[in-house]
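Asker: Here it is: the structure, laid out below.
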4 protein chains.
Amino acid sequence: MNTYGTLFKVTLYGESHQDAIGVVIDGVMPGLKINWDLVNNDLKLRRPGAVGTTPRVEKDELIVTSGIFNGYATGSPIHVMIKNENVISKDYSHLVKQPRPGHADFVASIKYRGYHDYRGGGRFSGRLTTPLVVAGAIAKQMLPFEFSHKLVQVGNLKDMSKLDEYLREIHEKGESVGGIIELTVKNMTIGIGEPMFEKLESKIGQMLFTIPAVKGVEIGTGFDGVEMYGSEFNDVYEDETGKTLTNHSGGVSGGISNGNNLVVKVFVKPTSSIGKKQESFNFETNKKETFEVGGRHDTAIVRRAGIVLENALAIVLADLYLWSKIY
Amino acid sequence: MNTYGTLFKVTLYGESHQDAIGVVIDGVMPGLKINWDLVNNDLKLRRPGAVGTTPRVEKDELIVTSGIFNGYATGSPIHVMIKNENVISKDYSHLVKQPRPGHADFVASIKYRGYHDYRGGGRFSGRLTTPLVVAGAIAKQMLPFEFSHKLVQVGNLKDMSKLDEYLREIHEKGESVGGIIELTVKNMTIGIGEPMFEKLESKIGQMLFTIPAVKGVEIGTGFDGVEMYGSEFNDVYEDETGKTLTNHSGGVSGGISNGNNLVVKVFVKPTSSIGKKQESFNFETNKKETFEVGGRHDTAIVRRAGIVLENALAIVLADLYLWSKIY
Amino acid sequence: MNTYGTLFKVTLYGESHQDAIGVVIDGVMPGLKINWDLVNNDLKLRRPGAVGTTPRVEKDELIVTSGIFNGYATGSPIHVMIKNENVISKDYSHLVKQPRPGHADFVASIKYRGYHDYRGGGRFSGRLTTPLVVAGAIAKQMLPFEFSHKLVQVGNLKDMSKLDEYLREIHEKGESVGGIIELTVKNMTIGIGEPMFEKLESKIGQMLFTIPAVKGVEIGTGFDGVEMYGSEFNDVYEDETGKTLTNHSGGVSGGISNGNNLVVKVFVKPTSSIGKKQESFNFETNKKETFEVGGRHDTAIVRRAGIVLENALAIVLADLYLWSKIY
Amino acid sequence: MNTYGTLFKVTLYGESHQDAIGVVIDGVMPGLKINWDLVNNDLKLRRPGAVGTTPRVEKDELIVTSGIFNGYATGSPIHVMIKNENVISKDYSHLVKQPRPGHADFVASIKYRGYHDYRGGGRFSGRLTTPLVVAGAIAKQMLPFEFSHKLVQVGNLKDMSKLDEYLREIHEKGESVGGIIELTVKNMTIGIGEPMFEKLESKIGQMLFTIPAVKGVEIGTGFDGVEMYGSEFNDVYEDETGKTLTNHSGGVSGGISNGNNLVVKVFVKPTSSIGKKQESFNFETNKKETFEVGGRHDTAIVRRAGIVLENALAIVLADLYLWSKIY
């Protein structure tokens with residue numbers, strides 16, 4: 001449910017329009033000096049502001065209640081809470097009678113028997129990725145690896161220098177677009193990943209698919225490798241460190257890191273909420289009807305997803321990294 | 001490590017060239033009458049024989065030692081063992097000094113400190129998917145869903161009617177190819193998946209990436225959706241059952257099944273073992289050298305992977321299906 | 001670490017002298033109307049006030065940030081936070097140089113490398129049982145069972161009508177005492193407990209030993225049964241409901257509830273902090289020296305432990321109860 | 001269910017009268033040279049033969065199919081299977097209509113809907129402790145600790161030199177008795193145990209209560225400490241190693257090992273099966289009736305339980321020991 005991990009454990013709570021969201025981070029190395037500036041920098045990367053992102057801006061002030069003493073992790077769980085402040089009170093009950101396409105309204109109504117908090121997407125809101133970013137920012141501080149992310153495609157745009165202009169056009173059309181993000185981890189050690197079911201790729205797959213709107217995950221070259229021959233796809237070991245010139249396998253062999261860069265690509269679907277009119281079944285009138293989503297939303301949530309995915313990946317690595325040290 | 005699941009739990013053991021491989025299946029509904037013909041049929045689908053598959057054929061006779069009484073599941077773990085019989089004894093120790101590109105030899109040497117069983121790929125062998133197929137075949141018998149799989153692309157071939165001929169050519173070149181498999185589950189109920197970290201897609205991602213050679217997983221339209229607008233990608237609810245005409249989301253909304261067909265696509269990389277000469281670093285001579293893999297292997301392991309992936313998916317669904325019934 | 005449970009999951013955080021303690025409760029049935037009066041009543045039972053209990057009284061105001069909408073559980077995690085307010089700031093650093101006997105000071109110093117928060121017992125403080133009581137009070141609302149607890153012995157006193165007087169004497173001596181608490185659960189259903197490793201008794205054992213000062217757990221007659229013959233110990237089934245006249249097995253057969261009252265007895269050791277002078281090794285002077293604990297503490301923590309144990313037991317039962325409903 | 005552990009993981013399968021029982025042991029350190037003589041010695045200690053033990057003797061030949069290469073653990077799961085050979089085929093169906101007092105027959109019928117294998121106690125049989133002994137014997141080889149166990153009381157007998165004679169008398173009466181076993185682990189390191197929910201005592205409690213017939217667990221002095229004052233119960237640190245003269249806490253402070261001997265006492269109830277006539281409700285005649293258990297059984301199962309408990313404890317320690325090394 002809402003707890004991830006074996007040795008580095010992250011428990012999330014919160015819904016979009018209730019008082020607060022937060023995270024309990026268990027397994028942080030006692031004695032780690034937490035650099036909160038790094039955490040806040042990551043949060044800033046996630047926050048809206050750029051073209052194509054929602055006007056709902058939260059200041060994301062961190063309330064750290066536990067697990068830190070004199071600036072160092074104590075070994076007890078770290079609890080970080082963030083208040084939901086920029087919440088616009090309005091009537092969301094129409095989502096129950098006419099569930100939005102692409103959203104979780106419909107399934108949530110059934111799974112939670114009508115008791116879910118549907119306001120602002122409730123537990124399915126991208127808002128919940130904020131505490132995940134916090135946890136990941138702390139995870140990165142425990143790890144000797146170097147993380148980065150970049151957009152490689154947004155809609156049909158591959159030249160990221162034109163992104164603002166492109167998203168302005170999309171927004172004017174009342175449309176949204178998705179995109180592809182590439183995550184890279186450098187300075188990887190060899191041996192991260194626990195076959196069979198805690199293989200590195202498996203845990204990456206589990207984690208990244210928890211991020212709302214993620215609909216595809218590939219390691220290294222991924223699906224594009226379908227037209228390659230084995231002799232092309234195989235990465236040749238160059239020296240005794242296991243270094244390879246090509247990296248089609250994305251730094252993972254047999255579910256275990258091989259010391260080359262870990263490379264993961266993620267497909268984020270077009271934002272479900274769009275400006276345009278759409279149709280959906282109306283449970284009150286019992287027929288399909290036109291409606292407008294309204295509210296504040298992103299034209300391209302993918303623009304903000306990079307740091308979320310990067311930090312989610314860091315949580316996976318922190319957990320498996322500790323695991324790699326047990327013998 | 002080698003146990004998957006919360007309520008429906010699968011524990012695998014075995015290495016390619018030791019005495020046996022097997023699986024302990026926990027959480028099977030007491031009173032389920034196991035149809036072993038269905039299990040054996042699935043195993044037959046996995047076994048080699050077709051063009052492009054390895055000549056190592058095991059008869060996969062199931063030794064069921066526990067968990068069944070009078071033909072019915074007792075509620076205790078079911079243990080199924082399969083002997084490794086068609087094992088060719090030869091010297092595999094060269095894999096240690098010159099690890100094969102694309103294989104796990106190199107990382108295994110380091111992670112397991114040289115103590116891993118490197119013969120025939122050891123624990124990384126595709127052979128280990130046999131007990132997974134068994135577990136999945138039993139999982140399917142607990143579920144009201146309808147499973148299928150199909151090849152949608154092999155190498156650059158998209159017309160599957162020409163597969164034999166195509167793979168013969170690839171084999172003659174001493175090459176291998178990968179492919180894309182599509183899994184479909186019909187008659188899905190609504191509400192399968194436990195956000196945040198046990199979302200349906202998350203558990204699918206975790207499980208399918210455990211299968212050797214899988215390097216990409218996408219749900220529904222997946223990466224191809226990157227050029228679509230939100231208004232195109234959103235699946236419109238047509239009626240009170242949640243049915244949609246399009247299914248870009250692959251039957252999953254917010255990490256929970258929405259009642260439409262569950263559709264998953266998986267990229268299986270080209271088989272690492274090829275007939276052609278390749279290069280790799282030799283730890284004995286301390287330089288990169290040419291070598292041949294030798295041994296028996298598949299030209300296109302993807303040809304046999306469909307049933308493995310289908311049944312692996314069934315294990316995921318069995319676990320989450322039981323979970324959906326707790327309230 | 002700090003998360004318990006499979007389907008009903010409780011994650012605790014907090015240390016005695018930091019800003020807050022709290023709990024994330026996952027798996028609460030969506031639609032459960034939470035009765036907060038019942039929760040507060042349980043907290044009142046845990047709070048000091050009676051003879052033999054500490055003068056540190058916290059008002060334990062519950063801050064519920066998530067998981068509740070219109071008074072009902074939404075199916076998302078419920079987060080409850082409680083501020084630490086009645087904290088006396090003083091220098092606790094002597095605990096590092098001269099660890100108190102019976103406390104965790106010494107092991108914590110080593111395990112957490114000197115970074116643990118030693119003030120007021122830190123994470124080992126009985127204060128942490130407050131959020132556990134909250135979680136258990138909610139668990140009880142999900143269950144059709146009837147819980148109770150009672151003191152059966154305190155020090156060498158077995159007649160509880162004389163408890164105040166007895167504890168006053170102990171306190172005057174600068175001493176502390178332990179005791180035995182009996183927990184009873186009525187209206188049990190048959191079938192709670194998942195052999196082999198999630199047997200009812202196993203999960204009770206795991207949970208109750210997490211409560212500070214618990215040093216013994218027995219089910220039914222327990223250790224006193226050592227002098228009984230099998231014919232005396234065996235509980236005879238009287239009718240088709242499985243009712244037995246005696247209940248030496250405490251309502252559990254083969255690790256599964258048998259429908260009779262669940263009876264658990266728990267030994268709580270004498271409070272470690274006492275008024276009297278004691279000796280302990282001093283790491284600064286490098287010799288054993290006399291010292292006084294000081295601070296506020298309980299003469300008989302066992303007097304407040306009943307509701308903690310009862311509610312901890314409820315958490316165990318909530319988890320296994322949901323489990324019993326999966327088929 | 002049937003898998004225990006986080007880093008050192010044990011999965012059990014088997015029922016008393018089916019083909020085999022066994023265990024999958026995951027997390028054994030790669031490179032550990034397994035001494036099978038030690039394993040077999042432990043099994044010998046568990047096997048009947050002494051006065052007061054059952055005449056069903058199994059030779060317990062170990063079939064090791066996986067996880068070992070050249071005598072060393074490979075890092076893959078070790079699978080050990082043991083055939084059930086000395087099984088007397090007879091009609092056990094009377095257990096369904098007239099469940100034996102003290103046994104799991106009645107609850108199993110209900111929980112497993114009549115599909116459980118009731119022959120010889122099925123999954124509830126003490127036979128299942130054989131693979132647990134195997135796993136524990138391997139766990140001990142990974143640990144730097146020194147394990148031992150001893151009987152401290154059997155029935156009302158405290159002088160173990162008279163045990164044979166005493167049990168002969170009990171047997172002649174058609175009775176059975178229980179007992180108390182003390183486990184001791186020497187050379188403990190400091191820091192084993194992961195508060196809050198994986199405290200050392202918690203995991204010991206969970207594990208030991210899985211052993212059939214265990215109805216009480218105490219750490220150190222345990223329940224006998226109820227009449228002690230705090231100043232008596234507190235163990236005083238003597239030197240910088242944390243050594244204490246008394247050991248009322250049984251080597252555990254705050255749920256973490258403190259370096260002194262770990263001491264655990266376990267109450268094993270009188271064997272449920274007795275020679276004497278007993279009563280129980282008969283579901284066929286719908287009234288309480290006299291019956292005889294028959295079959296082969298132990299007069300004092302406690303006599304054989306010591307090694308089972310010792311090795312079960314070793315499994316707990318192996319898991320937490322690896323955990324203690326992650327930072």
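Order determines the names: the first chain of the structure tokens is A, the second B, and so forth; residues in each chain are numbered 1 upward, and ligands are numbered 1 upward as they are shown.
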List every residue of chain C that has an atom at most 6 Å from any atom of chain A, giving for each one its closest atom pair and the distance in Å to one decimal, counting only C-alpha atoms, sorted by chain and then by ascending residue number, as JSON lines.
Answerer:
```
{"residue": "C:Tyr13", "atom": "CA", "partner": "A:Pro77", "partner_atom": "CA", "distance": 5.5}
{"residue": "C:Gly14", "atom": "CA", "partner": "A:Ser66", "partner_atom": "CA", "distance": 5.1}
{"residue": "C:Gln18", "atom": "CA", "partner": "A:Ser66", "partner_atom": "CA", "distance": 5.9}
{"residue": "C:Asp19", "atom": "CA", "partner": "A:Thr65", "partner_atom": "CA", "distance": 4.9}
{"residue": "C:Ala20", "atom": "CA", "partner": "A:Thr65", "partner_atom": "CA", "distance": 5.3}
{"residue": "C:Pro30", "atom": "CA", "partner": "A:Tyr112", "partner_atom": "CA", "distance": 5.6}
{"residue": "C:Gly31", "atom": "CA", "partner": "A:Tyr115", "partner_atom": "CA", "distance": 5.5}
{"residue": "C:Thr65", "atom": "CA", "partner": "A:Asp19", "partner_atom": "CA", "distance": 4.9}
{"residue": "C:Ser66", "atom": "CA", "partner": "A:Gly14", "partner_atom": "CA", "distance": 5.1}
{"residue": "C:Phe69", "atom": "CA", "partner": "A:Asp117", "partner_atom": "CA", "distance": 6.0}
{"residue": "C:Thr74", "atom": "CA", "partner": "A:His116", "partner_atom": "CA", "distance": 4.3}
{"residue": "C:Pro77", "atom": "CA", "partner": "A:Tyr13", "partner_atom": "CA", "distance": 5.5}
{"residue": "C:Tyr112", "atom": "CA", "partner": "A:Pro30", "partner_atom": "CA", "distance": 5.5}
{"residue": "C:Tyr115", "atom": "CA", "partner": "A:Thr74", "partner_atom": "CA", "distance": 5.0}
{"residue": "C:His116", "atom": "CA", "partner": "A:Thr74", "partner_atom": "CA", "distance": 4.3}
{"residue": "C:Asp117", "atom": "CA", "partner": "A:Phe69", "partner_atom": "CA", "distance": 5.9}
```
Asker: Can you list, as a PDB file with all heavy atoms, in the first residue's frame, every protein, DNA or RNA residue that comes within 10 Å of Gly294 in chain A when you count only C-alpha atoms, leaving out same-chain residues fewer than 6 positions away?
Answerer:
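Generated file (out.pdb):
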```pdb
ATOM      1  N   SER A 273      -6.188  16.189 -17.560  1.00  0.00           N
ATOM      2  CA  SER A 273      -7.025  17.395 -17.510  1.00  0.00           C
ATOM      3  C   SER A 273      -6.651  18.321 -18.651  1.00  0.00           C
ATOM      4  O   SER A 273      -5.492  18.718 -18.779  1.00  0.00           O
ATOM      5  CB  SER A 273      -6.827  18.123 -16.176  1.00  0.00           C
ATOM      6  OG  SER A 273      -7.301  17.330 -15.125  1.00  0.00           O
ATOM      7  N   ILE A 274      -7.610  18.653 -19.473  1.00  0.00           N
ATOM      8  CA  ILE A 274      -7.348  19.548 -20.601  1.00  0.00           C
ATOM      9  C   ILE A 274      -8.363  20.683 -20.609  1.00  0.00           C
ATOM     10  O   ILE A 274      -9.403  20.605 -19.953  1.00  0.00           O
ATOM     11  CB  ILE A 274      -7.383  18.797 -21.944  1.00  0.00           C
ATOM     12  CG1 ILE A 274      -8.736  18.087 -22.136  1.00  0.00           C
ATOM     13  CG2 ILE A 274      -6.251  17.806 -22.039  1.00  0.00           C
ATOM     14  CD1 ILE A 274      -8.871  17.380 -23.479  1.00  0.00           C
ATOM     15  N   GLY A 275      -8.035  21.728 -21.351  1.00  0.00           N
ATOM     16  CA  GLY A 275      -8.914  22.891 -21.413  1.00  0.00           C
ATOM     17  C   GLY A 275     -10.167  22.645 -22.248  1.00  0.00           C
ATOM     18  O   GLY A 275     -11.265  23.106 -21.929  1.00  0.00           O
ATOM     19  N   LYS A 276      -9.964  21.881 -23.298  1.00  0.00           N
ATOM     20  CA  LYS A 276     -11.037  21.569 -24.256  1.00  0.00           C
ATOM     21  C   LYS A 276     -12.226  20.856 -23.629  1.00  0.00           C
ATOM     22  O   LYS A 276     -12.072  20.128 -22.653  1.00  0.00           O
ATOM     23  CB  LYS A 276     -10.466  20.567 -25.254  1.00  0.00           C
ATOM     24  CG  LYS A 276     -10.133  21.096 -26.603  1.00  0.00           C
ATOM     25  CD  LYS A 276      -9.762  19.877 -27.456  1.00  0.00           C
ATOM     26  CE  LYS A 276      -9.466  20.271 -28.884  1.00  0.00           C
ATOM     27  NZ  LYS A 276      -8.927  19.132 -29.634  1.00  0.00           N
ATOM     28  N   LYS A 277     -13.358  20.977 -24.302  1.00  0.00           N
ATOM     29  CA  LYS A 277     -14.496  20.153 -23.912  1.00  0.00           C
ATOM     30  C   LYS A 277     -14.233  18.682 -24.230  1.00  0.00           C
ATOM     31  O   LYS A 277     -13.594  18.372 -25.232  1.00  0.00           O
ATOM     32  CB  LYS A 277     -15.739  20.619 -24.669  1.00  0.00           C
ATOM     33  CG  LYS A 277     -16.287  21.902 -24.082  1.00  0.00           C
ATOM     34  CD  LYS A 277     -17.662  22.233 -24.589  1.00  0.00           C
ATOM     35  CE  LYS A 277     -18.110  23.479 -23.835  1.00  0.00           C
ATOM     36  NZ  LYS A 277     -19.157  24.222 -24.519  1.00  0.00           N
TER      37      LYS A 277
END
```
Asker: When DSSP is applied to the backbone of this structure, which of range 124-310 of chain C are assigned strand (DSSP E)? Write them out as a PyMOL selection string.
Answerer: chain C and resi 146-154+179-186+214-219+252-253+256-257+262-268+278-282+287-291
Asker: For range 298-311 of chain A, find every residue with an atom within 6 Å (counting only C-alpha atoms), except residues of its own chain fewer than 5 positions away, and show them as a ChimeraX atom specification.
Answerer: /A:46,52-54,133,136,149,171,176-179,268,271
Asker: Tell me, which residues of range 225-286 of chain C carry DSSP alpha helix (DSSP H), written as a compact mmCIF listing (two decimals) with all heavy atoms, in the first residue's frame?
Answerer:
```
# COMPACT_ATOMS: atom_id res chain seq x y z
N GLY C 230 -1.52 -33.70 30.34
CA GLY C 230 -2.20 -33.47 29.06
C GLY C 230 -3.72 -33.54 29.20
O GLY C 230 -4.45 -32.72 28.63
N SER C 231 -4.20 -34.51 29.97
CA SER C 231 -5.66 -34.67 30.09
C SER C 231 -6.30 -33.48 30.80
O SER C 231 -7.47 -33.19 30.59
CB SER C 231 -5.98 -35.95 30.85
OG SER C 231 -5.55 -35.83 32.19
N GLU C 232 -5.51 -32.78 31.61
CA GLU C 232 -6.03 -31.59 32.27
C GLU C 232 -5.93 -30.36 31.39
O GLU C 232 -6.79 -29.49 31.40
CB GLU C 232 -5.22 -31.30 33.55
CG GLU C 232 -5.26 -32.38 34.59
CD GLU C 232 -4.20 -32.15 35.68
OE1 GLU C 232 -2.98 -32.18 35.35
OE2 GLU C 232 -4.59 -31.95 36.84
N PHE C 233 -4.83 -30.30 30.64
CA PHE C 233 -4.55 -29.09 29.84
C PHE C 233 -5.46 -29.01 28.61
O PHE C 233 -5.91 -27.94 28.22
CB PHE C 233 -3.09 -29.08 29.42
CG PHE C 233 -2.60 -27.74 28.97
CD1 PHE C 233 -1.96 -26.87 29.85
CD2 PHE C 233 -2.80 -27.31 27.66
CE1 PHE C 233 -1.52 -25.61 29.44
CE2 PHE C 233 -2.36 -26.05 27.25
CZ PHE C 233 -1.72 -25.20 28.13
```
Asker: To one decimal place in Å, what is the distance between CA of Gly155 in chain C and CA of Pro270 in chain C?
Answerer: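 According to the coordinates, CA of Gly155 in chain C and CA of Pro270 in chain C are separated by 8.0 Å.
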Asker: Can you tell me, as a short mmCIF file (atom, residue, chain, number, x, y, z; two decimals) with all heavy atoms, in the first residue's frame, what residues are no more than 9 Å from Phe223 in chain D when counting only C-alpha atoms, ignoring any on the same chain fewer than 2 positions away?
Answerer:
```cif
data_model
loop_
_atom_site.label_atom_id
_atom_site.label_comp_id
_atom_site.auth_asym_id
_atom_site.auth_seq_id
_atom_site.Cartn_x
_atom_site.Cartn_y
_atom_site.Cartn_z
N GLY C 179 4.69 -5.99 36.85
CA GLY C 179 3.40 -6.63 37.05
C GLY C 179 3.00 -7.50 35.89
O GLY C 179 3.75 -7.65 34.92
N ILE C 180 1.82 -8.07 36.05
CA ILE C 180 1.28 -8.95 35.01
C ILE C 180 -0.09 -8.43 34.60
O ILE C 180 -0.93 -8.12 35.45
CB ILE C 180 1.18 -10.40 35.51
CG1 ILE C 180 2.60 -10.92 35.83
CG2 ILE C 180 0.51 -11.30 34.48
CD1 ILE C 180 2.63 -12.29 36.48
N LYS C 215 8.60 -8.30 29.01
CA LYS C 215 9.65 -9.32 29.05
C LYS C 215 9.08 -10.74 29.07
O LYS C 215 9.83 -11.71 29.29
CB LYS C 215 10.54 -9.09 30.28
CG LYS C 215 11.51 -7.91 30.11
CD LYS C 215 12.60 -8.23 29.09
CE LYS C 215 13.72 -7.21 29.05
NZ LYS C 215 14.77 -7.60 28.10
N GLY C 216 7.76 -10.86 28.92
CA GLY C 216 7.18 -12.19 28.86
C GLY C 216 5.79 -12.14 28.27
O GLY C 216 5.04 -11.19 28.54
N VAL C 217 5.47 -13.14 27.45
CA VAL C 217 4.14 -13.22 26.84
C VAL C 217 3.70 -14.68 26.91
O VAL C 217 4.47 -15.57 26.55
CB VAL C 217 4.17 -12.77 25.36
CG1 VAL C 217 2.82 -13.03 24.68
CG2 VAL C 217 4.54 -11.29 25.25
N PHE C 223 2.89 -20.53 31.34
CA PHE C 223 3.91 -21.23 32.13
C PHE C 223 3.33 -22.01 33.31
O PHE C 223 3.88 -23.03 33.71
CB PHE C 223 4.97 -20.24 32.63
CG PHE C 223 5.93 -19.81 31.58
CD1 PHE C 223 5.69 -18.66 30.81
CD2 PHE C 223 7.08 -20.53 31.31
CE1 PHE C 223 6.59 -18.26 29.83
CE2 PHE C 223 7.99 -20.13 30.33
CZ PHE C 223 7.74 -18.99 29.58
N VAL C 266 0.83 -10.89 30.01
CA VAL C 266 2.05 -10.18 29.67
C VAL C 266 2.76 -9.76 30.94
O VAL C 266 2.13 -9.22 31.86
CB VAL C 266 1.72 -8.93 28.83
CG1 VAL C 266 2.98 -8.19 28.45
CG2 VAL C 266 0.91 -9.32 27.60
N PHE C 267 4.07 -10.02 30.97
CA PHE C 267 4.87 -9.57 32.10
C PHE C 267 5.54 -8.25 31.73
O PHE C 267 6.28 -8.18 30.74
CB PHE C 267 5.92 -10.61 32.48
CG PHE C 267 6.99 -10.08 33.40
CD1 PHE C 267 6.64 -9.53 34.64
CD2 PHE C 267 8.33 -10.12 33.04
CE1 PHE C 267 7.63 -9.02 35.50
CE2 PHE C 267 9.31 -9.62 33.89
CZ PHE C 267 8.96 -9.07 35.12
N VAL C 268 5.31 -7.24 32.57
CA VAL C 268 5.95 -5.94 32.40
C VAL C 268 6.97 -5.80 33.52
O VAL C 268 6.61 -5.88 34.71
CB VAL C 268 4.90 -4.81 32.47
CG1 VAL C 268 5.57 -3.45 32.38
CG2 VAL C 268 3.88 -4.98 31.35
N LYS C 269 8.21 -5.61 33.17
CA LYS C 269 9.27 -5.58 34.19
C LYS C 269 9.17 -4.31 35.05
O LYS C 269 8.52 -3.34 34.65
CB LYS C 269 10.65 -5.66 33.52
CG LYS C 269 11.04 -4.41 32.75
CD LYS C 269 12.51 -4.45 32.31
CE LYS C 269 12.88 -3.13 31.65
NZ LYS C 269 14.31 -3.00 31.39
N GLU D 218 9.57 -16.03 27.38
CA GLU D 218 10.03 -14.94 28.23
C GLU D 218 11.52 -14.73 28.01
O GLU D 218 12.26 -15.64 27.67
CB GLU D 218 9.69 -15.18 29.70
CG GLU D 218 10.21 -16.48 30.26
CD GLU D 218 9.72 -16.77 31.68
OE1 GLU D 218 8.77 -16.14 32.16
OE2 GLU D 218 10.32 -17.66 32.31
N ILE D 219 11.94 -13.49 28.21
CA ILE D 219 13.33 -13.12 27.97
C ILE D 219 13.97 -12.88 29.33
O ILE D 219 13.44 -12.12 30.14
CB ILE D 219 13.39 -11.82 27.14
CG1 ILE D 219 12.48 -11.89 25.91
CG2 ILE D 219 14.83 -11.48 26.76
CD1 ILE D 219 12.85 -12.90 24.87
N THR D 221 14.87 -13.22 33.08
CA THR D 221 14.15 -13.69 34.26
C THR D 221 12.67 -13.87 34.00
O THR D 221 12.03 -14.78 34.53
CB THR D 221 14.37 -12.70 35.42
OG1 THR D 221 15.77 -12.69 35.71
CG2 THR D 221 13.58 -13.08 36.65
N GLY D 225 10.21 -12.32 37.54
CA GLY D 225 10.67 -11.01 37.98
C GLY D 225 9.56 -10.15 38.56
O GLY D 225 9.82 -9.03 39.00
N VAL D 226 8.35 -10.67 38.56
CA VAL D 226 7.23 -9.83 38.98
C VAL D 226 7.33 -9.41 40.44
O VAL D 226 6.82 -8.37 40.84
CB VAL D 226 5.87 -10.52 38.68
CG1 VAL D 226 5.63 -11.69 39.61
CG2 VAL D 226 4.73 -9.51 38.77
N GLU D 227 8.03 -10.21 41.22
CA GLU D 227 8.13 -9.85 42.64
C GLU D 227 9.42 -9.10 42.98
O GLU D 227 9.70 -8.83 44.15
CB GLU D 227 7.98 -11.12 43.50
CG GLU D 227 6.70 -11.89 43.14
CD GLU D 227 6.06 -12.61 44.31
OE1 GLU D 227 6.73 -12.79 45.36
OE2 GLU D 227 4.88 -13.01 44.18
#
```
Asker: How many Å separate CA of Gly205 in chain C from CA of Asp37 in chain C?
Answerer: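 A separation of 28.9 Å between them.
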